[in-house]
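Here's final-v5.cif, which has mmCIF, C-alpha atoms:
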```cif
data_final
#
loop_
_atom_site.label_atom_id
_atom_site.label_comp_id
_atom_site.auth_asym_id
_atom_site.auth_seq_id
_atom_site.Cartn_x
_atom_site.Cartn_y
_atom_site.Cartn_z
CA MET A 1 -13.30 2.17 19.51
CA THR A 2 -11.93 -0.56 21.74
CA ASN A 3 -9.25 -2.55 19.95
CA LYS A 4 -10.61 -6.05 19.47
CA LYS A 5 -8.28 -9.02 19.20
CA LEU A 6 -9.38 -12.45 18.17
CA ALA A 7 -9.02 -14.83 21.07
CA VAL A 8 -6.57 -17.68 20.55
CA GLY A 9 -7.80 -21.03 21.75
CA THR A 10 -4.48 -22.68 22.42
CA PHE A 11 -1.31 -21.70 24.21
CA GLY A 12 0.77 -22.58 21.14
CA ALA A 13 -1.15 -20.24 18.84
CA GLY A 14 -1.09 -17.46 21.41
CA PHE A 15 2.65 -17.87 21.93
CA LEU A 16 3.25 -17.75 18.17
CA SER A 17 1.19 -14.60 17.81
CA GLY A 18 2.97 -12.89 20.70
CA TYR A 19 6.40 -13.91 19.46
CA LEU A 20 5.72 -12.60 15.95
CA LEU A 21 4.24 -9.37 17.26
CA HIS A 22 7.30 -8.79 19.41
CA HIS A 23 9.60 -9.03 16.41
CA LEU A 24 7.24 -7.06 14.21
CA LEU A 25 6.63 -4.09 16.48
CA HIS A 26 9.83 -3.88 18.57
CA PRO A 27 11.46 -1.61 17.85
CA PRO A 28 8.50 0.11 16.13
CA VAL A 29 8.75 2.72 13.42
CA ALA A 30 8.69 5.52 15.95
CA PRO A 31 7.68 9.07 15.04
CA LEU A 32 10.79 11.03 14.12
CA PRO A 33 11.50 14.68 14.93
CA PHE A 34 9.44 16.77 12.52
CA ARG A 35 11.78 19.68 11.92
CA LYS A 36 10.37 21.82 9.13
CA LEU A 37 7.36 22.60 6.99
CA PRO A 38 8.67 23.47 3.51
CA ALA A 39 6.48 25.86 1.60
CA GLU A 40 6.36 23.61 -1.48
CA TYR A 41 4.17 21.01 0.24
CA HIS A 42 0.46 21.23 0.97
CA TYR A 43 -0.50 20.04 4.43
CA SER A 44 -3.68 18.46 5.72
CA GLN A 45 -4.88 15.89 8.24
CA VAL A 46 -5.56 13.26 5.52
CA PRO A 47 -3.57 10.13 6.48
CA THR A 48 -1.53 8.07 4.05
CA LEU A 49 -1.35 4.31 4.62
CA PHE A 50 1.67 2.25 3.51
CA PHE A 51 1.37 -1.48 2.71
CA HIS A 52 4.44 -3.68 2.18
CA GLY A 53 4.63 -6.73 -0.07
CA SER A 54 4.95 -10.45 0.61
CA GLY A 55 7.92 -11.20 2.84
CA GLY A 56 8.17 -7.54 3.84
CA GLY A 57 8.11 -6.02 7.30
CA ARG A 58 8.87 -2.92 9.32
CA ARG A 59 12.16 -2.31 7.47
CA SER A 60 10.61 -2.46 4.00
CA LEU A 61 9.12 1.05 3.95
CA ARG A 62 11.25 2.59 6.71
CA PRO A 63 13.60 4.40 4.26
CA MET A 64 10.64 5.93 2.47
CA LEU A 65 8.82 7.00 5.64
CA THR A 66 12.00 8.37 7.20
CA THR A 67 12.95 10.38 4.10
CA MET A 68 9.45 11.82 3.76
CA GLN A 69 9.53 13.02 7.34
CA ASP A 70 13.11 14.30 7.25
CA ASP A 71 12.19 16.28 4.11
CA GLY A 72 9.24 17.82 5.93
CA ALA A 73 6.68 16.35 3.58
CA ALA A 74 4.86 14.17 6.12
CA GLU A 75 4.81 13.16 9.77
CA HIS A 76 4.82 9.53 10.91
CA THR A 77 2.10 8.74 13.45
CA LEU A 78 0.95 5.13 13.76
CA THR A 79 2.15 1.63 13.09
CA ILE A 80 -0.62 -0.95 12.77
CA ALA A 81 0.37 -4.63 12.93
CA VAL A 82 -2.03 -7.33 11.79
CA ASP A 83 -1.41 -10.66 13.52
CA PRO A 84 -2.05 -14.03 11.79
CA PHE A 85 -5.55 -14.14 13.29
CA GLY A 86 -6.62 -10.72 12.05
CA GLY A 87 -6.07 -8.83 15.30
CA LEU A 88 -5.12 -5.16 14.86
CA HIS A 89 -2.37 -3.81 17.11
CA PHE A 90 -1.83 -0.03 17.16
CA LYS A 91 1.52 1.50 18.12
CA GLY A 92 2.33 5.21 18.31
CA LYS A 93 0.34 8.41 18.65
CA TRP A 94 -1.69 10.50 16.27
CA PRO A 95 -1.79 14.02 17.70
CA ALA A 96 -4.45 16.38 16.42
CA GLU A 97 -1.79 18.76 15.09
CA ALA A 98 -0.07 16.12 12.92
CA VAL A 99 0.15 17.14 9.27
CA ASN A 100 0.19 14.73 6.35
CA PRO A 101 0.20 11.85 8.86
CA THR A 102 1.64 8.56 7.66
CA ILE A 103 0.58 5.12 8.90
CA GLN A 104 2.69 2.01 8.39
CA VAL A 105 0.75 -1.26 8.14
CA LEU A 106 2.59 -4.49 8.94
CA PHE A 107 1.29 -7.94 8.07
CA GLN A 108 2.69 -10.95 9.88
CA LEU A 109 3.65 -13.57 7.36
CA THR A 110 0.98 -16.15 6.67
CA PHE A 111 1.34 -19.07 4.29
CA PRO A 112 -0.11 -19.80 1.88
CA PHE A 113 -0.54 -16.14 0.93
CA SER A 114 -4.17 -15.13 0.58
CA LEU A 115 -4.90 -12.01 -1.41
CA HIS A 116 -8.51 -12.07 -0.26
CA GLN A 117 -7.50 -12.33 3.39
CA GLU A 118 -5.04 -9.44 3.21
CA ALA A 119 -7.61 -7.30 1.41
CA HIS A 120 -10.14 -8.15 4.13
CA TRP A 121 -7.65 -7.00 6.76
CA ILE A 122 -6.98 -3.73 4.92
CA ALA A 123 -10.72 -3.09 4.87
CA ALA A 124 -10.84 -3.81 8.61
CA ILE A 125 -8.03 -1.28 9.18
CA LEU A 126 -9.91 1.38 7.23
CA ARG A 127 -13.05 0.79 9.28
CA ALA A 128 -11.04 0.91 12.51
CA LEU A 129 -9.47 4.24 11.51
CA GLN A 130 -12.92 5.55 10.70
CA GLN A 131 -14.23 4.56 14.11
CA ARG A 132 -11.16 5.49 16.18
CA TYR A 133 -10.11 8.71 14.43
CA ASP A 134 -13.10 9.76 12.32
CA VAL A 135 -11.11 9.20 9.12
CA THR A 136 -13.27 9.85 6.07
CA THR A 137 -10.56 10.28 3.40
CA TYR A 138 -7.17 8.65 3.01
CA ASN A 139 -4.24 8.16 0.65
CA ALA A 140 -2.53 4.80 0.18
CA VAL A 141 0.81 3.46 -1.06
CA GLY A 142 1.12 -0.26 -1.79
CA HIS A 143 4.17 -2.24 -2.87
CA SER A 144 4.04 -5.53 -4.75
CA LEU A 145 1.38 -7.82 -3.23
CA GLY A 146 0.43 -4.95 -0.93
CA ALA A 147 -0.50 -3.01 -4.07
CA GLU A 148 -2.52 -5.94 -5.38
CA ALA A 149 -4.41 -6.29 -2.09
CA LEU A 150 -5.11 -2.55 -2.05
CA LEU A 151 -6.59 -2.78 -5.55
CA TYR A 152 -8.81 -5.63 -4.41
CA VAL A 153 -10.24 -3.43 -1.63
CA LEU A 154 -10.85 -0.55 -4.04
CA LEU A 155 -12.77 -2.83 -6.42
CA ASP A 156 -14.68 -4.96 -3.92
CA PRO A 157 -18.40 -4.08 -4.05
CA ASN A 158 -18.87 -5.53 -0.56
CA GLU A 159 -16.41 -3.10 1.03
CA HIS A 160 -18.66 -0.07 1.27
CA ARG A 161 -19.28 2.61 3.86
CA MET A 162 -15.53 2.99 4.32
CA PRO A 163 -13.28 6.05 4.09
CA HIS A 164 -12.75 7.31 0.54
CA ALA A 165 -9.43 6.80 -1.25
CA GLN A 166 -8.18 10.17 -2.48
CA LYS A 167 -4.73 9.42 -3.96
CA THR A 168 -3.28 5.95 -4.47
CA VAL A 169 0.23 4.86 -5.40
CA PHE A 170 0.90 1.35 -6.69
CA ILE A 171 4.56 0.24 -6.76
CA ALA A 172 5.59 -2.84 -8.77
CA GLY A 173 2.18 -4.41 -8.48
CA PRO A 174 1.82 -7.98 -9.86
CA PHE A 175 -1.69 -7.46 -11.18
CA ASP A 176 -1.48 -10.43 -13.54
CA ASP A 177 0.87 -13.27 -12.61
CA ALA A 178 0.10 -15.01 -15.89
CA LEU A 179 2.32 -12.49 -17.69
CA HIS A 180 6.02 -13.10 -18.18
CA SER A 181 6.99 -10.25 -20.52
CA GLU A 182 5.83 -6.78 -21.51
CA ASP A 183 4.79 -7.83 -25.03
CA GLN A 184 1.95 -9.93 -23.68
CA LEU A 185 -0.31 -6.86 -23.53
CA THR A 186 -2.61 -5.96 -26.40
CA ALA A 187 -2.67 -2.48 -27.93
CA ASP A 188 -5.30 -1.36 -25.42
CA GLY A 189 -3.32 -2.80 -22.50
CA MET A 190 -5.30 -5.99 -21.92
CA PRO A 191 -3.14 -8.99 -20.99
CA LEU A 192 -3.21 -11.83 -23.50
CA LYS A 193 -2.92 -14.27 -20.59
CA GLN A 194 -4.88 -13.67 -17.41
CA ASP A 195 -4.71 -15.28 -14.00
CA ALA A 196 -7.71 -15.71 -11.70
CA HIS A 197 -6.97 -12.52 -9.76
CA PHE A 198 -6.82 -10.39 -12.90
CA LYS A 199 -10.07 -11.88 -14.16
CA TRP A 200 -11.71 -10.88 -10.85
CA PHE A 201 -10.26 -7.37 -11.14
CA ASP A 202 -11.52 -7.09 -14.70
CA ALA A 203 -15.04 -8.21 -13.73
CA HIS A 204 -15.20 -5.56 -10.97
CA LYS A 205 -13.27 -2.65 -12.51
CA ALA A 206 -16.44 -0.53 -12.80
CA ASN A 207 -16.41 -0.30 -9.00
CA PHE A 208 -13.25 1.82 -8.97
CA SER A 209 -14.10 5.32 -7.76
CA LYS A 210 -14.17 8.13 -10.28
CA GLN A 211 -12.88 10.42 -7.53
CA THR A 212 -9.67 8.45 -6.87
CA ASP A 213 -6.32 9.41 -8.44
CA VAL A 214 -3.77 6.73 -9.37
CA LEU A 215 0.01 6.75 -9.77
CA ASN A 216 1.48 3.48 -11.07
CA ILE A 217 5.25 2.99 -10.57
CA TYR A 218 7.41 0.15 -11.87
CA GLY A 219 11.07 -0.60 -12.44
CA ASN A 220 12.65 -1.59 -15.77
CA VAL A 221 16.09 -3.08 -15.08
CA GLN A 222 18.55 -3.15 -17.99
CA GLN A 223 15.65 -2.84 -20.45
CA LEU A 224 14.51 -6.35 -19.51
CA HIS A 225 10.93 -5.13 -19.07
CA SER A 226 11.03 -6.32 -15.48
CA ASP A 227 12.26 -5.30 -12.02
CA LYS A 228 13.74 -8.83 -11.83
CA THR A 229 10.71 -9.96 -9.81
CA VAL A 230 7.57 -8.57 -11.47
CA PRO A 231 7.32 -8.15 -15.27
CA ASN A 232 6.47 -4.62 -16.37
CA GLY A 233 3.47 -5.96 -18.27
CA SER A 234 1.99 -7.29 -15.04
CA SER A 235 2.33 -3.86 -13.41
CA GLN A 236 1.19 -1.96 -16.50
CA ALA A 237 -1.96 -4.10 -16.67
CA LEU A 238 -3.31 -1.78 -13.97
CA ALA A 239 -4.00 0.81 -16.69
CA TYR A 240 -6.43 -1.53 -18.43
CA LEU A 241 -8.28 -2.00 -15.14
CA VAL A 242 -8.58 1.56 -13.81
CA ALA A 243 -7.28 4.20 -16.24
CA GLY A 244 -10.70 4.71 -17.80
CA GLN A 245 -12.43 4.81 -14.43
CA ALA A 246 -10.09 6.73 -12.11
CA HIS A 247 -10.17 10.51 -11.72
CA THR A 248 -6.60 10.62 -13.06
CA TYR A 249 -4.09 7.93 -14.00
CA GLN A 250 -0.31 8.30 -14.33
CA GLU A 251 2.53 5.84 -14.95
CA ARG A 252 6.20 6.28 -14.06
CA GLU A 253 8.97 3.94 -15.14
CA PHE A 254 12.30 3.91 -13.29
CA THR A 255 15.48 2.42 -14.73
CA MET A 256 18.09 3.31 -12.08
CA ASN A 257 18.07 1.50 -8.73
CA ALA A 258 14.95 -0.16 -10.07
CA LEU A 259 15.07 -3.69 -8.66
CA HIS A 260 11.83 -4.79 -7.02
CA THR A 261 12.82 -3.88 -3.46
CA GLN A 262 15.26 -1.10 -4.45
CA LEU A 263 12.32 0.99 -5.60
CA LEU A 264 11.31 1.52 -1.96
CA SER A 265 14.58 3.25 -1.05
CA ASN A 266 15.22 4.92 -4.40
CA PRO A 267 15.42 8.69 -3.74
CA ALA A 268 13.84 9.50 -7.11
CA VAL A 269 10.90 7.20 -6.41
CA ILE A 270 10.42 8.64 -2.92
CA GLN A 271 10.52 12.21 -4.22
CA THR A 272 8.06 11.33 -6.98
CA ILE A 273 5.61 9.89 -4.46
CA SER A 274 5.99 12.85 -2.07
CA ASP A 275 5.37 15.32 -4.89
CA TYR A 276 2.37 13.36 -6.09
CA LEU A 277 0.75 13.05 -2.67
CA TRP A 278 1.46 16.43 -1.14
CA LYS A 279 2.27 19.04 -3.79
#
```
Do you think you could lay out the structure here as structure tokens?
Amino acid sequence: MTNKKLAVGTFGAGFLSGYLLHHLLHPPVAPLPFRKLPAEYHYSQVPTLFFHGSGGGRRSLRPMLTTMQDDGAAEHTLTIAVDPFGGLHFKGKWPAEAVNPTIQVLFQLTFPFSLHQEAHWIAAILRALQQRYDVTTYNAVGHSLGAEALLYVLLDPNEHRMPHAQKTVFIAGPFDDALHSEDQLTADGMPLKQDAHFKWFDAHKANFSKQTDVLNIYGNVQQLHSDKTVPNGSSQALAYLVAGQAHTYQEREFTMNALHTQLLSNPAVIQTISDYLWK
């Protein structure tokens, strides 16, 4: 498929897009030497997409991607940058022999943040991968607002005829910003206070695939029921939305190196995700 980029009508907008792309993709997350294939991992050609959170960029998930490749669990292939106008920019190569290929998705910062817009772009990436590389099945890892946007795609009834999500990992997802503490969940996990996004998720939760597995990760710092950015209750609200619908649902709490952004470079978190995706 020919990569289509939305034309920019003014020099100023085009300059801004080019400037941001330069700093987003240079230097790119280049494929690293893939040295070994440990027997404990299962290998396939199913790609795993990684989505950073608000304010994130190419450095956000670099420690995780680098560790996974150095450990022999996966092989980095592509970086896909989404410019402020929705253009998709592919960097890297995806050789046919790549095993457990990983794909880093980078969103240029747009304000105000639009969950719907980011979800629309994720859907566009999935369709592009389907057309370019015949992708029919994928895994996905989303952090913070990247996790929330991923959930939106998986619940949106309008996003059909796309590749199927096999395994999904949600890290510190703010699924209900109305929550401020863990004790604002009822016994069955429903938030007592609900923001507009959660209400939309709740109304569409029956759309979540029964063939998709879910791992929900969150950090509890100093038993404050929070990773100092997202309350645990907001992340744990995911169970109310998908646990009864998903093929499998698991939760993992981390208390060491568990700050919101620390989770992405925490060796225990990285190993947990690698084991979940590829063992």
>> Suppose a student applies the PyMOL selection byres ((chain A and resi 151) around 9) to this structure; what residues should they get, written as a list of chain:residue names?
In response: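 So the PyMOL selection byres ((chain A and resi 151) around 9) ends up selecting A:Ala119, A:Gly142, A:Gly146, A:Ala147, A:Glu148, A:Ala149, A:Leu150, A:Tyr152, A:Val153, A:Leu154, A:Leu155, A:Asp156, A:Phe170, A:Phe175, A:Phe201, A:Phe208.
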Leaving out Asn139 of chain A and any residue of its chain fewer than 4 positions from it, which residues lie within 12 Å of it when counting all atoms listed in the file, given as a JSON list (two decimals) with C-alpha atoms, in the coordinates of the input?
```
[["chain", "number", "residue", "atom", "x", "y", "z"],
["A", 44, "SER", "CA", -3.68, 18.46, 5.72],
["A", 45, "GLN", "CA", -4.88, 15.89, 8.24],
["A", 46, "VAL", "CA", -5.56, 13.26, 5.52],
["A", 47, "PRO", "CA", -3.57, 10.13, 6.48],
["A", 48, "THR", "CA", -1.53, 8.07, 4.05],
["A", 49, "LEU", "CA", -1.35, 4.31, 4.62],
["A", 50, "PHE", "CA", 1.67, 2.25, 3.51],
["A", 51, "PHE", "CA", 1.37, -1.48, 2.71],
["A", 100, "ASN", "CA", 0.19, 14.73, 6.35],
["A", 101, "PRO", "CA", 0.20, 11.85, 8.86],
["A", 102, "THR", "CA", 1.64, 8.56, 7.66],
["A", 103, "ILE", "CA", 0.58, 5.12, 8.90],
["A", 126, "LEU", "CA", -9.91, 1.38, 7.23],
["A", 135, "VAL", "CA", -11.11, 9.20, 9.12],
["A", 150, "LEU", "CA", -5.11, -2.55, -2.05],
["A", 154, "LEU", "CA", -10.85, -0.55, -4.04],
["A", 163, "PRO", "CA", -13.28, 6.05, 4.09],
["A", 164, "HIS", "CA", -12.75, 7.31, 0.54],
["A", 165, "ALA", "CA", -9.43, 6.80, -1.25],
["A", 166, "GLN", "CA", -8.18, 10.17, -2.48],
["A", 167, "LYS", "CA", -4.73, 9.42, -3.96],
["A", 168, "THR", "CA", -3.28, 5.95, -4.47],
["A", 169, "VAL", "CA", 0.23, 4.86, -5.40],
["A", 170, "PHE", "CA", 0.90, 1.35, -6.69],
["A", 212, "THR", "CA", -9.67, 8.45, -6.87],
["A", 213, "ASP", "CA", -6.32, 9.41, -8.44],
["A", 214, "VAL", "CA", -3.77, 6.73, -9.37],
["A", 215, "LEU", "CA", 0.01, 6.75, -9.77],
["A", 273, "ILE", "CA", 5.61, 9.89, -4.46],
["A", 274, "SER", "CA", 5.99, 12.85, -2.07],
["A", 276, "TYR", "CA", 2.37, 13.36, -6.09],
["A", 277, "LEU", "CA", 0.75, 13.05, -2.67],
["A", 278, "TRP", "CA", 1.46, 16.43, -1.14]]
```
>> On this structure, the PyMOL selection byres ((chain A and resi 222) around 12) would catch which residues? List them as a list of chain:residue names, sorted by chain and number.
In response: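 Evaluating the PyMOL selection byres ((chain A and resi 222) around 12) on these coordinates yields A:Gly219, A:Asn220, A:Val221, A:Gln223, A:Leu224, A:His225, A:Ser226, A:Asp227, A:Lys228, A:Phe254, A:Thr255, A:Met256, A:Asn257, A:Ala258, A:Leu259.
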>> Given only C-alpha atoms as the basis, pick out the residue of A:Val230, A:Val242, A:Ala74, A:Ala237 nearest to Lys193 of chain A.
In response: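 Of all the options, A:Ala237 lies closest to Lys193 of chain A.
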>> What does the structure give for the distance between atom CA of Pro231 of chain A and atom CA of Ile270 of chain A, in Å to one decimal?
In response: 21.1 Å
> Which value, in Å to one decimal, gives the distance between atom CA of Val105 of chain A and atom CA of Ile125 of chain A?
Replying inline: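 Computing the Euclidean distance for atom CA of Val105 of chain A and atom CA of Ile125 of chain A yields 8.8 Å.
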> So what do you get for atom CA of Glu118 of chain A versus atom CA of Leu88 of chain A, distance-wise?
Replying inline: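 Between these atoms lies a distance of 12.4 Å.
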Please enclose the listed atoms of segment 193-196 of chain A in an axis-aligned box, pad each side by 5 Å, and write out the centre and the three edge lengths in Å, rounded to one decimal, as lines of an AutoDock Vina configuration file.
```
center_x = -5.3
center_y = -14.7
center_z = -16.1
size_x = 14.8
size_y = 12.0
size_z = 18.9
```
Could you expand the PyMOL selection byres ((chain A and resi 172) around 7) into the explicit residues it covers here, written as a PDB file with C-alpha atoms, keeping the file's coordinate frame?
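Output (expr25.pdb):
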```pdb
ATOM      1  CA  HIS A 143       4.170  -2.240  -2.870  1.00  0.00           C
ATOM      2  CA  SER A 144       4.040  -5.530  -4.750  1.00  0.00           C
ATOM      3  CA  PHE A 170       0.900   1.350  -6.690  1.00  0.00           C
ATOM      4  CA  ILE A 171       4.560   0.240  -6.760  1.00  0.00           C
ATOM      5  CA  GLY A 173       2.180  -4.410  -8.480  1.00  0.00           C
ATOM      6  CA  PRO A 174       1.820  -7.980  -9.860  1.00  0.00           C
ATOM      7  CA  ILE A 217       5.250   2.990 -10.570  1.00  0.00           C
ATOM      8  CA  TYR A 218       7.410   0.150 -11.870  1.00  0.00           C
ATOM      9  CA  GLY A 219      11.070  -0.600 -12.440  1.00  0.00           C
ATOM     10  CA  VAL A 230       7.570  -8.570 -11.470  1.00  0.00           C
ATOM     11  CA  SER A 235       2.330  -3.860 -13.410  1.00  0.00           C
ATOM     12  CA  HIS A 260      11.830  -4.790  -7.020  1.00  0.00           C
TER      13      HIS A 260
END
```
Model the absent atoms of segment 142-152 of chain A so that all heavy atoms are present, and write the result as a PDB file, keeping the file's coordinate frame.
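Done, and the output landed in result_37.pdb:
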```pdb
ATOM      1  N   GLY A 142       0.954   1.182  -1.905  1.00  0.00           N
ATOM      2  CA  GLY A 142       1.120  -0.260  -1.790  1.00  0.00           C
ATOM      3  C   GLY A 142       2.244  -0.758  -2.663  1.00  0.00           C
ATOM      4  O   GLY A 142       2.379  -0.335  -3.814  1.00  0.00           O
ATOM      5  N   HIS A 143       3.064  -1.665  -2.110  1.00  0.00           N
ATOM      6  CA  HIS A 143       4.170  -2.240  -2.870  1.00  0.00           C
ATOM      7  C   HIS A 143       3.908  -3.712  -3.140  1.00  0.00           C
ATOM      8  O   HIS A 143       3.499  -4.455  -2.246  1.00  0.00           O
ATOM      9  CB  HIS A 143       5.485  -2.092  -2.098  1.00  0.00           C
ATOM     10  CG  HIS A 143       6.653  -2.783  -2.744  1.00  0.00           C
ATOM     11  ND1 HIS A 143       7.304  -3.848  -2.168  1.00  0.00           N
ATOM     12  CD2 HIS A 143       7.282  -2.553  -3.933  1.00  0.00           C
ATOM     13  CE1 HIS A 143       8.285  -4.245  -2.967  1.00  0.00           C
ATOM     14  NE2 HIS A 143       8.302  -3.469  -4.030  1.00  0.00           N
ATOM     15  N   SER A 144       4.114  -4.133  -4.374  1.00  0.00           N
ATOM     16  CA  SER A 144       4.040  -5.530  -4.750  1.00  0.00           C
ATOM     17  C   SER A 144       2.676  -6.134  -4.383  1.00  0.00           C
ATOM     18  O   SER A 144       1.641  -5.619  -4.794  1.00  0.00           O
ATOM     19  CB  SER A 144       5.201  -6.297  -4.093  1.00  0.00           C
ATOM     20  OG  SER A 144       5.349  -7.578  -4.633  1.00  0.00           O
ATOM     21  N   LEU A 145       2.655  -7.212  -3.582  1.00  0.00           N
ATOM     22  CA  LEU A 145       1.380  -7.820  -3.230  1.00  0.00           C
ATOM     23  C   LEU A 145       0.536  -6.901  -2.343  1.00  0.00           C
ATOM     24  O   LEU A 145      -0.682  -7.030  -2.293  1.00  0.00           O
ATOM     25  CB  LEU A 145       1.614  -9.162  -2.536  1.00  0.00           C
ATOM     26  CG  LEU A 145       2.101 -10.266  -3.483  1.00  0.00           C
ATOM     27  CD1 LEU A 145       2.536 -11.499  -2.699  1.00  0.00           C
ATOM     28  CD2 LEU A 145       1.042 -10.635  -4.498  1.00  0.00           C
ATOM     29  N   GLY A 146       1.187  -5.957  -1.662  1.00  0.00           N
ATOM     30  CA  GLY A 146       0.430  -4.950  -0.930  1.00  0.00           C
ATOM     31  C   GLY A 146      -0.344  -4.054  -1.867  1.00  0.00           C
ATOM     32  O   GLY A 146      -1.462  -3.618  -1.563  1.00  0.00           O
ATOM     33  N   ALA A 147       0.210  -3.793  -3.046  1.00  0.00           N
ATOM     34  CA  ALA A 147      -0.500  -3.010  -4.070  1.00  0.00           C
ATOM     35  C   ALA A 147      -1.665  -3.804  -4.628  1.00  0.00           C
ATOM     36  O   ALA A 147      -2.749  -3.261  -4.871  1.00  0.00           O
ATOM     37  CB  ALA A 147       0.473  -2.634  -5.190  1.00  0.00           C
ATOM     38  N   GLU A 148      -1.454  -5.096  -4.839  1.00  0.00           N
ATOM     39  CA  GLU A 148      -2.520  -5.940  -5.380  1.00  0.00           C
ATOM     40  C   GLU A 148      -3.676  -6.056  -4.394  1.00  0.00           C
ATOM     41  O   GLU A 148      -4.852  -5.981  -4.784  1.00  0.00           O
ATOM     42  CB  GLU A 148      -1.957  -7.319  -5.712  1.00  0.00           C
ATOM     43  CG  GLU A 148      -2.881  -8.168  -6.555  1.00  0.00           C
ATOM     44  CD  GLU A 148      -2.280  -9.504  -6.924  1.00  0.00           C
ATOM     45  OE1 GLU A 148      -1.270  -9.909  -6.305  1.00  0.00           O
ATOM     46  OE2 GLU A 148      -2.826 -10.160  -7.818  1.00  0.00           O
ATOM     47  N   ALA A 149      -3.358  -6.209  -3.104  1.00  0.00           N
ATOM     48  CA  ALA A 149      -4.410  -6.290  -2.090  1.00  0.00           C
ATOM     49  C   ALA A 149      -5.174  -4.980  -1.977  1.00  0.00           C
ATOM     50  O   ALA A 149      -6.399  -4.963  -1.787  1.00  0.00           O
ATOM     51  CB  ALA A 149      -3.815  -6.683  -0.739  1.00  0.00           C
ATOM     52  N   LEU A 150      -4.462  -3.856  -2.093  1.00  0.00           N
ATOM     53  CA  LEU A 150      -5.110  -2.550  -2.050  1.00  0.00           C
ATOM     54  C   LEU A 150      -6.095  -2.417  -3.209  1.00  0.00           C
ATOM     55  O   LEU A 150      -7.225  -1.939  -3.032  1.00  0.00           O
ATOM     56  CB  LEU A 150      -4.061  -1.446  -2.122  1.00  0.00           C
ATOM     57  CG  LEU A 150      -4.583  -0.014  -2.262  1.00  0.00           C
ATOM     58  CD1 LEU A 150      -5.430   0.381  -1.057  1.00  0.00           C
ATOM     59  CD2 LEU A 150      -3.421   0.959  -2.440  1.00  0.00           C
ATOM     60  N   LEU A 151      -5.692  -2.845  -4.401  1.00  0.00           N
ATOM     61  CA  LEU A 151      -6.590  -2.780  -5.550  1.00  0.00           C
ATOM     62  C   LEU A 151      -7.839  -3.615  -5.305  1.00  0.00           C
ATOM     63  O   LEU A 151      -8.957  -3.208  -5.655  1.00  0.00           O
ATOM     64  CB  LEU A 151      -5.878  -3.251  -6.815  1.00  0.00           C
ATOM     65  CG  LEU A 151      -6.738  -3.271  -8.092  1.00  0.00           C
ATOM     66  CD1 LEU A 151      -7.219  -1.867  -8.447  1.00  0.00           C
ATOM     67  CD2 LEU A 151      -5.968  -3.887  -9.255  1.00  0.00           C
ATOM     68  N   TYR A 152      -7.670  -4.773  -4.703  1.00  0.00           N
ATOM     69  CA  TYR A 152      -8.810  -5.630  -4.410  1.00  0.00           C
ATOM     70  C   TYR A 152      -9.826  -4.892  -3.543  1.00  0.00           C
ATOM     71  O   TYR A 152     -11.034  -4.935  -3.806  1.00  0.00           O
ATOM     72  CB  TYR A 152      -8.336  -6.906  -3.714  1.00  0.00           C
ATOM     73  CG  TYR A 152      -9.402  -7.971  -3.591  1.00  0.00           C
ATOM     74  CD1 TYR A 152      -9.450  -9.041  -4.467  1.00  0.00           C
ATOM     75  CD2 TYR A 152     -10.370  -7.910  -2.589  1.00  0.00           C
ATOM     76  CE1 TYR A 152     -10.431 -10.016  -4.354  1.00  0.00           C
ATOM     77  CE2 TYR A 152     -11.353  -8.879  -2.475  1.00  0.00           C
ATOM     78  CZ  TYR A 152     -11.381  -9.928  -3.358  1.00  0.00           C
ATOM     79  OH  TYR A 152     -12.351 -10.889  -3.256  1.00  0.00           O
TER      80      TYR A 152
END
```
